[in-house]
Amino acid sequence: MQAAALLVSNKNNYQSYIAGMVVLALACHFAVLISTQFTFISIHVSLFDIATGVSVGGLVVYGIKYWPAVLIGIASGYFLSNESLVFAIFVSIGITLEAVIASYLLRSYLHEHYSLDYMPELLSYLLITTLVVIGVGATSISVVLMGFYQITFSEIGFIWLNACLGKITGIAVIAPFVMVWSQRIQGSLSWAKFVELFCLYSVLIICGGIVFFGWFDTSIKGYSRYPLAYLFFPILAWAAFRFGQRVSTASTIIITIFALWSLINNWGPFSRDSIYESHFLTWMCINVASILSMILAADITQCKKVRVALQTSDERLELASTGSQDGLWDWVDIDNDAMWWSPNFYELINYSQDEVESSHTQLTNLMHSDDREIHFQSLENHLNKNTPYNIDFRVLTKSQGYRWFHAKGEVTHDKKTGKRRMAGSIIDIDERKIAQNEIISLNKNLEKRVIQRTNELQGINENLHNEIIERKNAEQEIVKLQNDLIRMSRVSTMGEMASTLAHELHQPLMAIVNDSQSALLDLTESENNNQSVIEDVGIISEQA
């Protein structure tokens with residue numbers, strides 16, 4: 001299967017596509033030839049429809065574009081089984097259609113993860129393929145048989161039921177084997193695992209020979225080999241538990257080969273006089289074994305992966321807890337008092353696990369009495385009002401007295417049980433608290449000094465303001481004096497000017513007066529006085 005998968009690994013290569021078509025067509029062809037060997041009535045209905053499993057598994061792994069290979073392989077197989085060409089074509093169309101639909105749905109859901117290691121993937125695979133092969137495959141082959149053979153409606157239900165059972169064998173046994181073994185092998189087997197695997201297959205072959213070939217006859221009073229009919233089931237459980245889905249499906253194929261070979265030769269614990277009863281009991285054994293082993297392998301593989309993931313998560317948590325300064329705590333059930341404290345939690349409070357009990361009561365007892373009310377109030381608000389639980393409190397340590405811790409946590413609710421769970425961490429912040437207190441003290445001193453300096457500056461500002469006012473008043477007084485001085489200077493200048501003008505005007509006027517009076521005197525004393533001239537000179541003297 002791995003080699004066939006490699007042939008079509010290059011999806012863009014035309015040659016690989018042809019190679020894949022040839023491989024899948026041959027596989028479907030031989031699957032039809034094998035399936036027709038186990039038809040128990042003349043209408044070619046088999047409880048072991050291997051062709052369905054090969055076609056579904058092939059298209060799921062290689063891709064839907066290989067559907068022509070399924071059509072050609074199925075048609076050629078039926079045609080070589082002495083069937084008419086028309087019948088072979090109609091049957092191959094029905095099987096191809098169911099394979100295309102099933103592979104499309106599976107590829108859409110599984111997203112190319114066909115290991116079937118997880119229980120949801122496996123159950124989804126079984127559900128999808130069962131519905132498709134029952135609704136499409138079994139119905140189509142029943143319709144084809146009704147068209148080519150004279151079958152009454154009373155018989156069609158029996159035919160449809162057996163067609164469903166046969167196709168379930170293909171999807172429960174063959175298709176998972178094709179899908180799982182087409183996946184790339186991860187890692188390599190150690191020598192111990194290889195020896196164990198060799199022992200497993202050896203024991204499985206021996207058990208298959210004992211059960212189906214009668215290697216060890218246990219006939220007791222007519223109960224021929226009945227106690228050993230399901231001897232191989234523990235071996236399948238061994239394969240599922242130790243090696244997973246790959247070895248489990250391969251082991252189922254080995255048991256299927258033993259069972260079908262014994263059915264052909266009428267051997268084993270399921271051989272009956274009725275052919276249908278022998279086929280049905282063998283079908284029941286094979287399908288039950290395959291489905292149970294796949295479910296067990298998926299469940300165990302999932303548990304192993306979950307365990308590995310949980311172990312990895314625990315290691316990461318432990319590493320993170322050790323590397324950090326946080327002390328982790330887990331209050332599993334808030335209604336109960338029991339808690340879980342991490343090793344770092346004990347180291348932070350300087351107690352050993354034997355000295356104190358990890359409980360909420362113990363934690364509150366170690367708290368400072370002034371901080372308990374804050375803790376309870378914050379816890380109540382977080383549980384009832386969904387406010388954050390993020391507080392600081394003091395805890396009494398063993399050797400260092402009370403130290404400050406910062407705690408935070410988150411509550412979760414279990415919807416199924418109704419229980420509440422709270423988890424979180426604590427961290428030592430004592431040094432930070434001391435630094436904060438020192439900063440607060442320094443801030444207070446700084447505030448006092450600022451206030452004092454501010455008061456001093458206010459006094460200085462008031463004095464400066466007063467000085468400014470006095471200076472302004474002095475400047476105003478100086479300006480007033482300057483204005484007065486300017487005014488007085490102007491008055492003085494005007495007086496000087498008036499004095500000068502008066503002096504300058506007085507001299508010529510006095511000269512005019514004196515001269516006019518002298519002239520008037522001379523005219524008066526003169527004999528030839530002219531009265532009009534005398535009057536004019538008198539007017540000049542008087543006006544001057």
# chains A, B, ... in the order shown; residues from 1 in each chain; ligands from 1

$ select_by_dssp --residues "stretch 335-420 of chain A" --states "helix (DSSP H, G or I)" --output "ChimeraX atom specification"
/A:343-349,360-366,369-385

$ residues_around --residues "stretch 355-358 of chain A" --least-positions-apart "2" --cutoff "7 Å" --atoms "only C-alpha atoms" --output "list in words"
Ala338, Met339, Trp340, Trp341, Tyr351, Ser352, Gln353 and Gln362 of chain A

$ write_last_selection --atoms "all heavy atoms" --output "JSON list (two decimals), in the first residue's frame"
[["chain", "number", "residue", "atom", "x", "y", "z"],
["A", 338, "ALA", "N", -10.39, 21.93, 50.54],
["A", 338, "ALA", "CA", -9.11, 21.41, 50.07],
["A", 338, "ALA", "C", -8.62, 22.21, 48.88],
["A", 338, "ALA", "O", -9.39, 22.58, 47.99],
["A", 338, "ALA", "CB", -9.22, 19.94, 49.70],
["A", 339, "MET", "N", -7.32, 22.50, 48.87],
["A", 339, "MET", "CA", -6.67, 23.19, 47.77],
["A", 339, "MET", "C", -5.39, 22.46, 47.41],
["A", 339, "MET", "O", -4.92, 21.59, 48.16],
["A", 339, "MET", "CB", -6.33, 24.65, 48.15],
["A", 339, "MET", "CG", -7.51, 25.53, 48.47],
["A", 339, "MET", "SD", -7.00, 27.21, 48.94],
["A", 339, "MET", "CE", -6.38, 27.83, 47.38],
["A", 340, "TRP", "N", -4.84, 22.83, 46.27],
["A", 340, "TRP", "CA", -3.53, 22.32, 45.86],
["A", 340, "TRP", "C", -2.58, 23.49, 45.73],
["A", 340, "TRP", "O", -2.91, 24.51, 45.11],
["A", 340, "TRP", "CB", -3.64, 21.59, 44.52],
["A", 340, "TRP", "CG", -2.29, 21.24, 43.93],
["A", 340, "TRP", "CD1", -1.52, 20.17, 44.21],
["A", 340, "TRP", "CD2", -1.57, 22.02, 42.96],
["A", 340, "TRP", "NE1", -0.36, 20.21, 43.49],
["A", 340, "TRP", "CE2", -0.36, 21.34, 42.70],
["A", 340, "TRP", "CE3", -1.83, 23.22, 42.28],
["A", 340, "TRP", "CZ2", 0.59, 21.80, 41.80],
["A", 340, "TRP", "CZ3", -0.88, 23.69, 41.39],
["A", 340, "TRP", "CH2", 0.30, 22.99, 41.16],
["A", 341, "TRP", "N", -1.40, 23.34, 46.35],
["A", 341, "TRP", "CA", -0.36, 24.35, 46.27],
["A", 341, "TRP", "C", 0.84, 23.78, 45.55],
["A", 341, "TRP", "O", 1.24, 22.63, 45.80],
["A", 341, "TRP", "CB", 0.05, 24.83, 47.66],
["A", 341, "TRP", "CG", -1.03, 25.55, 48.41],
["A", 341, "TRP", "CD1", -2.21, 25.99, 47.92],
["A", 341, "TRP", "CD2", -1.02, 25.91, 49.80],
["A", 341, "TRP", "NE1", -2.95, 26.60, 48.89],
["A", 341, "TRP", "CE2", -2.24, 26.57, 50.08],
["A", 341, "TRP", "CE3", -0.10, 25.77, 50.83],
["A", 341, "TRP", "CZ2", -2.56, 27.05, 51.33],
["A", 341, "TRP", "CZ3", -0.41, 26.25, 52.09],
["A", 341, "TRP", "CH2", -1.64, 26.89, 52.33],
["A", 351, "TYR", "N", 7.40, 27.24, 54.22],
["A", 351, "TYR", "CA", 6.90, 26.06, 54.92],
["A", 351, "TYR", "C", 7.07, 24.85, 54.01],
["A", 351, "TYR", "O", 7.06, 24.96, 52.78],
["A", 351, "TYR", "CB", 5.43, 26.20, 55.29],
["A", 351, "TYR", "CG", 5.16, 27.14, 56.46],
["A", 351, "TYR", "CD1", 4.74, 28.44, 56.22],
["A", 351, "TYR", "CD2", 5.31, 26.71, 57.77],
["A", 351, "TYR", "CE1", 4.48, 29.31, 57.27],
["A", 351, "TYR", "CE2", 5.06, 27.57, 58.82],
["A", 351, "TYR", "CZ", 4.65, 28.86, 58.57],
["A", 351, "TYR", "OH", 4.41, 29.71, 59.62],
["A", 352, "SER", "N", 7.19, 23.67, 54.63],
["A", 352, "SER", "CA", 7.19, 22.42, 53.87],
["A", 352, "SER", "C", 5.77, 21.89, 53.79],
["A", 352, "SER", "O", 4.87, 22.34, 54.51],
["A", 352, "SER", "CB", 8.11, 21.39, 54.53],
["A", 352, "SER", "OG", 7.61, 21.04, 55.82],
["A", 353, "GLN", "N", 5.57, 20.91, 52.91],
["A", 353, "GLN", "CA", 4.23, 20.36, 52.71],
["A", 353, "GLN", "C", 3.74, 19.62, 53.95],
["A", 353, "GLN", "O", 2.53, 19.46, 54.13],
["A", 353, "GLN", "CB", 4.23, 19.43, 51.51],
["A", 353, "GLN", "CG", 4.56, 20.13, 50.20],
["A", 353, "GLN", "CD", 4.48, 19.20, 49.02],
["A", 353, "GLN", "OE1", 4.03, 18.06, 49.13],
["A", 353, "GLN", "NE2", 4.93, 19.67, 47.86],
["A", 362, "GLN", "N", -6.37, 27.38, 55.98],
["A", 362, "GLN", "CA", -4.98, 27.57, 56.40],
["A", 362, "GLN", "C", -4.42, 28.86, 55.81],
["A", 362, "GLN", "O", -3.69, 29.60, 56.49],
["A", 362, "GLN", "CB", -4.14, 26.37, 55.94],
["A", 362, "GLN", "CG", -2.67, 26.44, 56.34],
["A", 362, "GLN", "CD", -2.49, 26.35, 57.85],
["A", 362, "GLN", "OE1", -2.97, 25.42, 58.49],
["A", 362, "GLN", "NE2", -1.82, 27.34, 58.42]]

$ residues_around --residues "A:Pro388" --least-positions-apart "5" --cutoff "9 Å" --atoms "only C-alpha atoms" --output "list in words"
Ser378, Leu379, Asn381, His382, Lys408, Gly409 and Glu410 of chain A

$ select_by_dssp --residues "stretch 283-483 of chain A" --states "strand (DSSP E)" --output "ChimeraX atom specification"
/A:326-331,340-341,389-396,402-413,420-428

$ residues_around --residues "A:Trp238" --least-positions-apart "2" --cutoff "12 Å" --atoms "only C-alpha atoms" --output "ChimeraX atom specification"
/A:196-197,199-201,203-204,232-236,240-245,247-248,251,293-294,296-297,300

$ write_last_selection --atoms "N, CA, C and O atoms" --output "tab-separated table (two decimals), in the first residue's frame"
chain	number	residue	atom	x	y	z
A	196	GLU	N	8.61	-7.88	19.47
A	196	GLU	CA	7.25	-8.00	19.97
A	196	GLU	C	6.26	-8.13	18.82
A	196	GLU	O	5.31	-8.93	18.88
A	197	LEU	N	6.48	-7.35	17.73
A	197	LEU	CA	5.61	-7.44	16.57
A	197	LEU	C	5.71	-8.82	15.91
A	197	LEU	O	4.69	-9.39	15.49
A	199	CYS	N	6.48	-11.62	17.42
A	199	CYS	CA	5.79	-12.54	18.31
A	199	CYS	C	4.27	-12.41	18.17
A	199	CYS	O	3.54	-13.41	18.19
A	200	LEU	N	3.81	-11.17	18.01
A	200	LEU	CA	2.37	-10.94	17.87
A	200	LEU	C	1.82	-11.64	16.63
A	200	LEU	O	0.82	-12.36	16.70
A	201	TYR	N	2.47	-11.42	15.50
A	201	TYR	CA	2.00	-12.06	14.27
A	201	TYR	C	2.13	-13.58	14.33
A	201	TYR	O	1.27	-14.30	13.80
A	203	VAL	N	1.92	-15.48	17.05
A	203	VAL	CA	0.84	-15.97	17.90
A	203	VAL	C	-0.50	-15.85	17.18
A	203	VAL	O	-1.37	-16.72	17.28
A	204	LEU	N	-0.68	-14.75	16.42
A	204	LEU	CA	-1.93	-14.55	15.70
A	204	LEU	C	-2.11	-15.65	14.64
A	204	LEU	O	-3.22	-16.18	14.48
A	232	PHE	N	-8.58	-15.56	19.03
A	232	PHE	CA	-7.73	-14.51	18.48
A	232	PHE	C	-8.11	-13.11	18.94
A	232	PHE	O	-7.38	-12.15	18.68
A	233	PHE	N	-9.23	-12.95	19.61
A	233	PHE	CA	-9.66	-11.61	20.04
A	233	PHE	C	-8.65	-10.95	20.99
A	233	PHE	O	-8.35	-9.76	20.83
A	234	PRO	N	-8.10	-11.67	21.97
A	234	PRO	CA	-7.07	-11.02	22.81
A	234	PRO	C	-5.84	-10.61	22.01
A	234	PRO	O	-5.19	-9.61	22.35
A	235	ILE	N	-5.52	-11.35	20.94
A	235	ILE	CA	-4.36	-10.98	20.12
A	235	ILE	C	-4.65	-9.67	19.38
A	235	ILE	O	-3.78	-8.80	19.25
A	236	LEU	N	-5.88	-9.51	18.90
A	236	LEU	CA	-6.24	-8.25	18.26
A	236	LEU	C	-6.20	-7.09	19.26
A	236	LEU	O	-5.79	-5.97	18.92
A	240	ALA	N	-3.92	-3.77	18.98
A	240	ALA	CA	-4.48	-2.43	19.09
A	240	ALA	C	-3.83	-1.64	20.21
A	240	ALA	O	-3.55	-0.44	20.08
A	241	PHE	N	-3.58	-2.31	21.32
A	241	PHE	CA	-3.04	-1.62	22.50
A	241	PHE	C	-1.58	-1.23	22.30
A	241	PHE	O	-1.17	-0.13	22.68
A	242	ARG	N	-0.80	-2.09	21.69
A	242	ARG	CA	0.64	-1.86	21.62
A	242	ARG	C	1.09	-1.17	20.33
A	242	ARG	O	2.09	-0.46	20.33
A	243	PHE	N	0.36	-1.37	19.23
A	243	PHE	CA	0.87	-0.88	17.95
A	243	PHE	C	-0.09	0.06	17.22
A	243	PHE	O	0.28	0.59	16.18
A	244	GLY	N	-1.30	0.19	17.67
A	244	GLY	CA	-2.19	1.16	17.06
A	244	GLY	C	-2.95	0.63	15.85
A	244	GLY	O	-3.04	-0.58	15.61
A	245	GLN	N	-3.47	1.57	15.07
A	245	GLN	CA	-4.40	1.24	14.00
A	245	GLN	C	-3.75	0.48	12.85
A	245	GLN	O	-4.39	-0.39	12.23
A	247	VAL	N	-1.15	-1.83	12.73
A	247	VAL	CA	-1.01	-3.27	13.00
A	247	VAL	C	-2.36	-3.90	13.29
A	247	VAL	O	-2.59	-5.07	12.96
A	248	SER	N	-3.28	-3.13	13.86
A	248	SER	CA	-4.60	-3.67	14.16
A	248	SER	C	-5.34	-4.04	12.87
A	248	SER	O	-5.93	-5.13	12.77
A	251	SER	N	-3.71	-7.09	11.30
A	251	SER	CA	-4.08	-8.32	12.01
A	251	SER	C	-5.49	-8.76	11.64
A	251	SER	O	-5.76	-9.96	11.50
A	293	SER	N	-11.58	-3.98	17.12
A	293	SER	CA	-10.13	-3.72	17.17
A	293	SER	C	-9.83	-2.29	16.72
A	293	SER	O	-8.96	-1.62	17.30
A	294	MET	N	-10.55	-1.77	15.71
A	294	MET	CA	-10.33	-0.39	15.29
A	294	MET	C	-10.75	0.60	16.37
A	294	MET	O	-10.05	1.59	16.63
A	296	LEU	N	-10.93	-0.02	19.58
A	296	LEU	CA	-9.97	-0.14	20.68
A	296	LEU	C	-8.66	0.56	20.34
A	296	LEU	O	-8.09	1.28	21.18
A	297	ALA	N	-8.19	0.37	19.10
A	297	ALA	CA	-6.94	1.03	18.70
A	297	ALA	C	-7.08	2.54	18.70
A	297	ALA	O	-6.17	3.27	19.16
A	300	ILE	N	-7.30	3.74	22.39
A	300	ILE	CA	-6.02	3.63	23.09
A	300	ILE	C	-5.02	4.65	22.52
A	300	ILE	O	-4.29	5.30	23.27

$ residues_around --residues "A:Val32" --least-positions-apart "3" --cutoff "8 Å" --atoms "only C-alpha atoms" --output "list in words"
Cys28, His29, Ser35, Thr36, Asp49, Ile50, Ala51, Ile74, Gly77 and Tyr78 of chain A

$ closest_atom_pairs --of "stretch 134-175 of chain A" --to "stretch 87-98 of chain A" --cutoff "6 Å" --atoms "only C-alpha atoms" --output "CSV"
residue,atom,partner,partner_atom,distance
A:Val136,CA,A:Glu98,CA,5.6
A:Gly137,CA,A:Glu98,CA,5.4
A:Ser140,CA,A:Gly94,CA,5.5

$ atom_distance --atom1 "atom CA of A:Leu105" --atom2 "atom CA of A:Val54"
16.5 Å

$ atom_distance --atom1 "atom CA of A:Asn344" --atom2 "atom CA of A:Tyr389"
20.5 Å

$ residues_around --residues "A:Ser342" --least-positions-apart "3" --cutoff "7 Å" --atoms "only C-alpha atoms" --output "list in words"
Gly327, Leu328, Trp329, Phe345 and Tyr346 of chain A

$ write_last_selection --atoms "N, CA and C atoms" --output "tab-separated table (two decimals), in the first residue's frame"
chain	number	residue	atom	x	y	z
A	327	GLY	N	3.80	31.28	42.78
A	327	GLY	CA	3.32	30.10	43.47
A	327	GLY	C	1.90	29.80	43.02
A	328	LEU	N	1.69	28.65	42.44
A	328	LEU	CA	0.40	28.31	41.87
A	328	LEU	C	-0.49	27.63	42.91
A	329	TRP	N	-1.78	27.87	42.79
A	329	TRP	CA	-2.76	27.22	43.68
A	329	TRP	C	-4.00	26.87	42.87
A	345	PHE	N	4.81	27.58	45.87
A	345	PHE	CA	3.93	28.20	46.86
A	345	PHE	C	4.50	27.98	48.26
A	346	TYR	N	4.90	26.73	48.54
A	346	TYR	CA	5.48	26.43	49.85
A	346	TYR	C	6.79	27.16	50.05

$ residues_around --residues "A:Ile128" --least-positions-apart "4" --cutoff "9 Å" --atoms "only C-alpha atoms" --output "list in words"
Ala102, Leu105, Leu106, Leu123, Ser124, Val132 and Val133 of chain A

$ atom_distance --atom1 "atom CA of A:Tyr149" --atom2 "atom CA of A:Leu85"
14.7 Å
